[in-house]
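Structure file data-v1.pdb (PDB, C-alpha atoms, pLDDT in the B column) is printed below.
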```pdb
MODEL        1
ATOM      1  CA  MET A  28       8.757  23.886  -1.413  1.00 43.00           C
ATOM      2  CA  LEU A  29       8.390  20.174  -2.042  1.00 47.00           C
ATOM      3  CA  LEU A  30      11.008  18.663  -4.323  1.00 53.00           C
ATOM      4  CA  LEU A  31      10.534  15.143  -5.649  1.00 48.00           C
ATOM      5  CA  SER A  32      13.096  13.015  -7.400  1.00 57.00           C
ATOM      6  CA  TYR A  33      12.150  11.424 -10.690  1.00 52.00           C
ATOM      7  CA  ARG A  34      11.754   8.022  -8.965  1.00 57.00           C
ATOM      8  CA  GLN A  35       9.497   9.496  -6.264  1.00 55.00           C
ATOM      9  CA  PHE A  36       7.419  11.269  -8.891  1.00 51.00           C
ATOM     10  CA  ARG A  37       6.997   8.031 -10.873  1.00 54.00           C
ATOM     11  CA  MET A  38       5.890   6.169  -7.735  1.00 53.00           C
ATOM     12  CA  LEU A  39       3.420   8.930  -6.882  1.00 51.00           C
ATOM     13  CA  VAL A  40       1.918   8.851 -10.378  1.00 46.00           C
ATOM     14  CA  LEU A  41       1.782   5.055 -10.401  1.00 49.00           C
ATOM     15  CA  GLY A  42       0.145   5.016  -6.971  1.00 53.00           C
ATOM     16  CA  THR A  43      -2.441   7.526  -8.122  1.00 52.00           C
ATOM     17  CA  LEU A  44      -3.239   5.383 -11.158  1.00 44.00           C
ATOM     18  CA  VAL A  45      -3.649   2.230  -9.058  1.00 47.00           C
ATOM     19  CA  ILE A  46      -5.886   4.007  -6.544  1.00 51.00           C
ATOM     20  CA  SER A  47      -7.949   5.464  -9.387  1.00 49.00           C
ATOM     21  CA  ALA A  48      -8.373   2.025 -10.936  1.00 45.00           C
ATOM     22  CA  LEU A  49      -9.424   0.481  -7.621  1.00 45.00           C
ATOM     23  CA  ALA A  50     -11.903   3.274  -6.955  1.00 48.00           C
ATOM     24  CA  ALA A  51     -13.339   3.220 -10.489  1.00 45.00           C
ATOM     25  CA  ASP A  52     -13.931  -0.521 -10.799  1.00 42.00           C
ATOM     26  CA  PRO A  53     -15.255  -2.412  -7.750  1.00 43.00           C
ATOM     27  CA  ALA A  54     -14.557  -5.755  -9.457  1.00 41.00           C
ATOM     28  CA  LEU A  55     -10.895  -4.800  -9.823  1.00 40.00           C
ATOM     29  CA  ALA A  56     -10.781  -3.752  -6.185  1.00 42.00           C
ATOM     30  CA  ARG A  57     -12.134  -7.148  -5.086  1.00 38.00           C
ATOM     31  CA  ARG A  58      -9.232  -8.816  -6.883  1.00 39.00           C
ATOM     32  CA  GLY A  59      -6.881  -6.716  -4.704  1.00 40.00           C
ATOM     33  CA  GLN A  60      -6.945  -9.468  -2.036  1.00 41.00           C
ATOM     34  CA  SER A  61      -9.027  -7.658   0.542  1.00 38.00           C
ATOM     35  CA  THR A  62      -9.737  -9.537   3.768  1.00 44.00           C
ATOM     36  CA  GLY A  63     -13.311  -8.344   3.780  1.00 45.00           C
ATOM     37  CA  GLY A  64     -12.584  -5.141   5.686  1.00 56.00           C
ATOM     38  CA  SER A  65     -13.650  -1.711   4.562  1.00 73.00           C
ATOM     39  CA  GLY A  66     -10.856  -1.136   2.035  1.00 93.00           C
ATOM     40  CA  GLN A  67      -8.631  -2.627  -0.627  1.00 96.00           C
ATOM     41  CA  CYS A  68      -4.893  -2.487  -1.107  1.00 96.00           C
ATOM     42  CA  ALA A  69      -2.211  -3.258  -3.665  1.00 96.00           C
ATOM     43  CA  VAL A  70       1.582  -3.006  -3.758  1.00 96.00           C
ATOM     44  CA  ILE A  71       3.497  -1.339  -6.571  1.00 95.00           C
ATOM     45  CA  PRO A  72       5.591  -2.655  -8.060  1.00 93.00           C
ATOM     46  CA  ASN A  73       4.194  -6.106  -7.266  1.00 90.00           C
ATOM     47  CA  VAL A  74       7.541  -7.842  -7.842  1.00 92.00           C
ATOM     48  CA  ILE A  75      10.471  -6.000  -6.295  1.00 90.00           C
ATOM     49  CA  SER A  76      14.162  -6.664  -5.881  1.00 91.00           C
ATOM     50  CA  ASN A  77      15.785  -6.367  -2.483  1.00 88.00           C
ATOM     51  CA  ASP A  78      19.254  -6.488  -4.082  1.00 91.00           C
ATOM     52  CA  VAL A  79      19.272  -2.872  -5.253  1.00 88.00           C
ATOM     53  CA  PRO A  80      18.195   0.379  -3.600  1.00 90.00           C
ATOM     54  CA  GLY A  81      14.547   1.066  -4.306  1.00 90.00           C
ATOM     55  CA  TYR A  82      11.132   1.521  -2.798  1.00 93.00           C
ATOM     56  CA  TYR A  83       7.799  -0.224  -2.927  1.00 93.00           C
ATOM     57  CA  THR A  84       4.510   1.514  -2.209  1.00 95.00           C
ATOM     58  CA  ALA A  85       1.385   0.108  -0.596  1.00 96.00           C
ATOM     59  CA  VAL A  86      -1.698   1.925  -1.890  1.00 97.00           C
ATOM     60  CA  GLY A  87      -5.303   1.557  -0.923  1.00 97.00           C
ATOM     61  CA  SER A  88      -8.817   2.875  -1.349  1.00 97.00           C
ATOM     62  CA  GLY A  89     -12.232   2.493   0.220  1.00 96.00           C
ATOM     63  CA  PHE A  90     -11.270   3.608   3.717  1.00 96.00           C
ATOM     64  CA  THR A  91     -13.068   6.164   5.859  1.00 94.00           C
ATOM     65  CA  PRO A  92     -11.894   9.686   4.945  1.00 96.00           C
ATOM     66  CA  TYR A  93      -9.104  10.881   7.275  1.00 96.00           C
ATOM     67  CA  GLN A  94      -9.013   7.498   9.043  1.00 95.00           C
ATOM     68  CA  SER A  95      -5.845   6.584  10.950  1.00 96.00           C
ATOM     69  CA  LEU A  96      -4.219   3.536   9.389  1.00 96.00           C
ATOM     70  CA  GLU A  97      -1.286   1.307  10.232  1.00 96.00           C
ATOM     71  CA  VAL A  98       0.531  -0.380   7.353  1.00 96.00           C
ATOM     72  CA  TYR A  99       2.365  -3.494   8.564  1.00 96.00           C
ATOM     73  CA  VAL A 100       4.963  -5.303   6.424  1.00 94.00           C
ATOM     74  CA  ALA A 101       7.536  -7.819   7.667  1.00 90.00           C
ATOM     75  CA  GLY A 102       7.642  -6.567  11.243  1.00 90.00           C
ATOM     76  CA  ARG A 103       7.743  -2.897  10.262  1.00 92.00           C
ATOM     77  CA  MET A 104       4.893  -0.472  10.808  1.00 92.00           C
ATOM     78  CA  VAL A 105       4.098   2.825   9.153  1.00 92.00           C
ATOM     79  CA  PHE A 106       1.323   5.025  10.466  1.00 95.00           C
ATOM     80  CA  THR A 107      -0.589   7.025   7.888  1.00 95.00           C
ATOM     81  CA  TYR A 108      -3.985   8.565   7.246  1.00 95.00           C
ATOM     82  CA  ALA A 109      -6.514   8.115   4.486  1.00 96.00           C
ATOM     83  CA  ASP A 110      -7.108  11.275   2.485  1.00 97.00           C
ATOM     84  CA  SER A 111     -10.464  13.010   1.987  1.00 96.00           C
ATOM     85  CA  ALA A 112     -11.474  10.364  -0.591  1.00 96.00           C
ATOM     86  CA  GLY A 113     -10.453   7.408   1.616  1.00 96.00           C
ATOM     87  CA  ASN A 114      -7.200   6.641  -0.255  1.00 97.00           C
ATOM     88  CA  PHE A 115      -3.681   6.209   1.115  1.00 97.00           C
ATOM     89  CA  ALA A 116      -0.145   5.493  -0.065  1.00 96.00           C
ATOM     90  CA  ALA A 117       2.821   4.450   2.101  1.00 96.00           C
ATOM     91  CA  SER A 118       6.320   3.510   0.916  1.00 94.00           C
ATOM     92  CA  GLY A 119       8.989   1.194   2.268  1.00 92.00           C
ATOM     93  CA  TYR A 120      12.643   0.611   1.442  1.00 92.00           C
ATOM     94  CA  ALA A 121      13.003  -2.673  -0.483  1.00 91.00           C
ATOM     95  CA  PRO A 122      16.469  -3.726   0.820  1.00 89.00           C
ATOM     96  CA  PHE A 123      14.971  -3.931   4.354  1.00 90.00           C
ATOM     97  CA  LEU A 124      13.091  -7.016   3.077  1.00 90.00           C
ATOM     98  CA  GLN A 125      16.079  -9.306   3.403  1.00 88.00           C
ATOM     99  CA  ASP A 126      14.541 -12.642   2.385  1.00 90.00           C
ATOM    100  CA  ASP A 127      13.187 -13.472  -1.044  1.00 93.00           C
ATOM    101  CA  GLY A 128       9.624 -14.718  -1.223  1.00 94.00           C
ATOM    102  CA  GLN A 129       6.071 -13.545  -0.799  1.00 95.00           C
ATOM    103  CA  TYR A 130       5.241 -10.820   1.725  1.00 95.00           C
ATOM    104  CA  THR A 131       1.837  -9.773   2.990  1.00 95.00           C
ATOM    105  CA  VAL A 132       0.817  -6.212   3.782  1.00 96.00           C
ATOM    106  CA  TYR A 133      -1.799  -5.752   6.505  1.00 97.00           C
ATOM    107  CA  ILE A 134      -3.751  -2.525   6.843  1.00 96.00           C
ATOM    108  CA  TYR A 135      -5.031  -1.992  10.384  1.00 96.00           C
ATOM    109  CA  GLY A 136      -7.526   0.612  11.500  1.00 94.00           C
ATOM    110  CA  GLY A 137     -10.756   1.294  13.306  1.00 87.00           C
ATOM    111  CA  SER A 138     -11.495   1.585  16.991  1.00 85.00           C
ATOM    112  CA  LYS A 139     -10.078  -1.894  17.704  1.00 88.00           C
ATOM    113  CA  TRP A 140      -7.205  -1.693  15.184  1.00 89.00           C
ATOM    114  CA  SER A 141      -8.490  -4.686  13.256  1.00 93.00           C
ATOM    115  CA  VAL A 142      -7.327  -5.787   9.800  1.00 95.00           C
ATOM    116  CA  LEU A 143      -9.238  -3.775   7.223  1.00 95.00           C
ATOM    117  CA  ALA A 144      -7.402  -5.066   4.137  1.00 96.00           C
ATOM    118  CA  SER A 145      -4.429  -7.141   3.097  1.00 96.00           C
ATOM    119  CA  CYS A 146      -2.496  -7.714  -0.097  1.00 96.00           C
ATOM    120  CA  SER A 147       0.705  -9.477  -1.045  1.00 95.00           C
ATOM    121  CA  PHE A 148       3.732  -8.960  -3.245  1.00 94.00           C
ATOM    122  CA  GLN A 149       6.804 -10.892  -4.345  1.00 95.00           C
ATOM    123  CA  VAL A 150      10.421 -10.094  -3.396  1.00 94.00           C
ATOM    124  CA  THR A 151      13.276 -11.490  -5.486  1.00 92.00           C
TER     125      THR A 151
ENDMDL
END
```
Produce structure tokens that represent the structure in this file.
Amino acid sequence: MLLLSYRQFRMLVLGTLVISALAADPALARRGQSTGGSGQCAVIPNVISNDVPGYYTAVGSGFTPYQSLEVYVAGRMVFTYADSAGNFAASGYAPFLQDDGQYTVYIYGGSKWSVLASCSFQVT
């Protein structure tokens, strides 16, 4: 049985909403700072604090269904897979981002593990 905390549930719902918005409106997806690869990504929340315990979630859409993906943020990698609709979500622990400033998320995939998408977020 899968038990989610209230915070995890909120992040899951928020991630689903962002992915739905990206998938429903191609113009919105283009504003998600894609590098021209096959997908788009966004980070929720977009401004996070590294001073308190909390998580951020990188979400994306437009990838090949069941594609292996690597989410790279600040020297840390998370391996994940796109779902049957080509969407993914991967979370990271905000206090691991020790410096304030702008961070970039890179989504790698494909046979040559090239950058398929990138997006950025602010840490305060």
Q | Selected residue of minimal separation from Ile75 in chain A among A:Tyr133, A:Phe106, A:Tyr120, A:Trp140, counting all atoms listed in the file | A |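 Checking each candidate against Ile75 in chain A, we get A:Tyr120 as the closest.
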(Q) Taking the file as I've supplied it (selection: the PyMOL selection byres ((chain A and resi 121-123) around 9)), which residues are included? Please answer as a PyMOL selection string. (A) chain A and resi 75-83+119-120+124-126+150
Q: Choose the residue, out of A:Thr151, A:Cys146, A:Ser141, A:Asn114, that has the smallest atom-to-atom separation from Val70 in chain A; count all atoms listed in the file.
A: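 The shortest atom-to-atom distance to Val70 in chain A comes from A:Cys146.
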**Q.** Reference answer for the PyMOL selection byres ((chain A and resi 131) around 8), as a list in words
**A.**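 Expected selection for the PyMOL selection byres ((chain A and resi 131) around 8) here is Val100, Ala101, Gln129, Tyr130, Val132, Tyr133, Ser145, Cys146, Ser147 and Phe148 of chain A.
Note that the spacing between CA of Gly136 in chain A and CA of Leu96 in chain A amounts to 4.9 Å.
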Q.
Rounded to one decimal, what separation in Å do you get between CA of Gly66 in chain A and CA of Ala112 in chain A?
A.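 Computing the Euclidean distance for CA of Gly66 in chain A and CA of Ala112 in chain A yields 11.8 Å.
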Q) Interatomic distance between CA of Lys139 in chain A and CA of Asn73 in chain A? A)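 Value for the CA of Lys139 in chain A-CA of Asn73 in chain A distance: 29.1 Å.
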Q. Using all atoms listed in the file, which of A:Ser138, A:Gly128, A:Ser118, A:Ile71 sits nearest Ser95 in chain A?
A. A:Ser138
Q.
Evaluated on this file, the PyMOL selection byres ((chain A and resi 113) around 7) picks out some residues - which ones are they, written as a list in words?
A. Ser88, Gly89, Phe90, Thr91, Pro92, Tyr93, Ala109, Asp110, Ser111, Ala112, Asn114 and Phe115 of chain A
Those same residues - C-alpha atoms - I'd like them written as a PDB file, in the coordinates of the input.
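Saved file again-v8.pdb follows:
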```
ATOM      1  CA  SER A  88      -8.817   2.875  -1.349  1.00 97.00           C
ATOM      2  CA  GLY A  89     -12.232   2.493   0.220  1.00 96.00           C
ATOM      3  CA  PHE A  90     -11.270   3.608   3.717  1.00 96.00           C
ATOM      4  CA  THR A  91     -13.068   6.164   5.859  1.00 94.00           C
ATOM      5  CA  PRO A  92     -11.894   9.686   4.945  1.00 96.00           C
ATOM      6  CA  TYR A  93      -9.104  10.881   7.275  1.00 96.00           C
ATOM      7  CA  ALA A 109      -6.514   8.115   4.486  1.00 96.00           C
ATOM      8  CA  ASP A 110      -7.108  11.275   2.485  1.00 97.00           C
ATOM      9  CA  SER A 111     -10.464  13.010   1.987  1.00 96.00           C
ATOM     10  CA  ALA A 112     -11.474  10.364  -0.591  1.00 96.00           C
ATOM     11  CA  ASN A 114      -7.200   6.641  -0.255  1.00 97.00           C
ATOM     12  CA  PHE A 115      -3.681   6.209   1.115  1.00 97.00           C
TER      13      PHE A 115
END
```
Q: Rank nothing, just name the residue among A:Ser65, A:Arg103, A:Pro72, A:Tyr108 nearest to Thr84 in chain A, using all atoms listed in the file.
A: A:Pro72
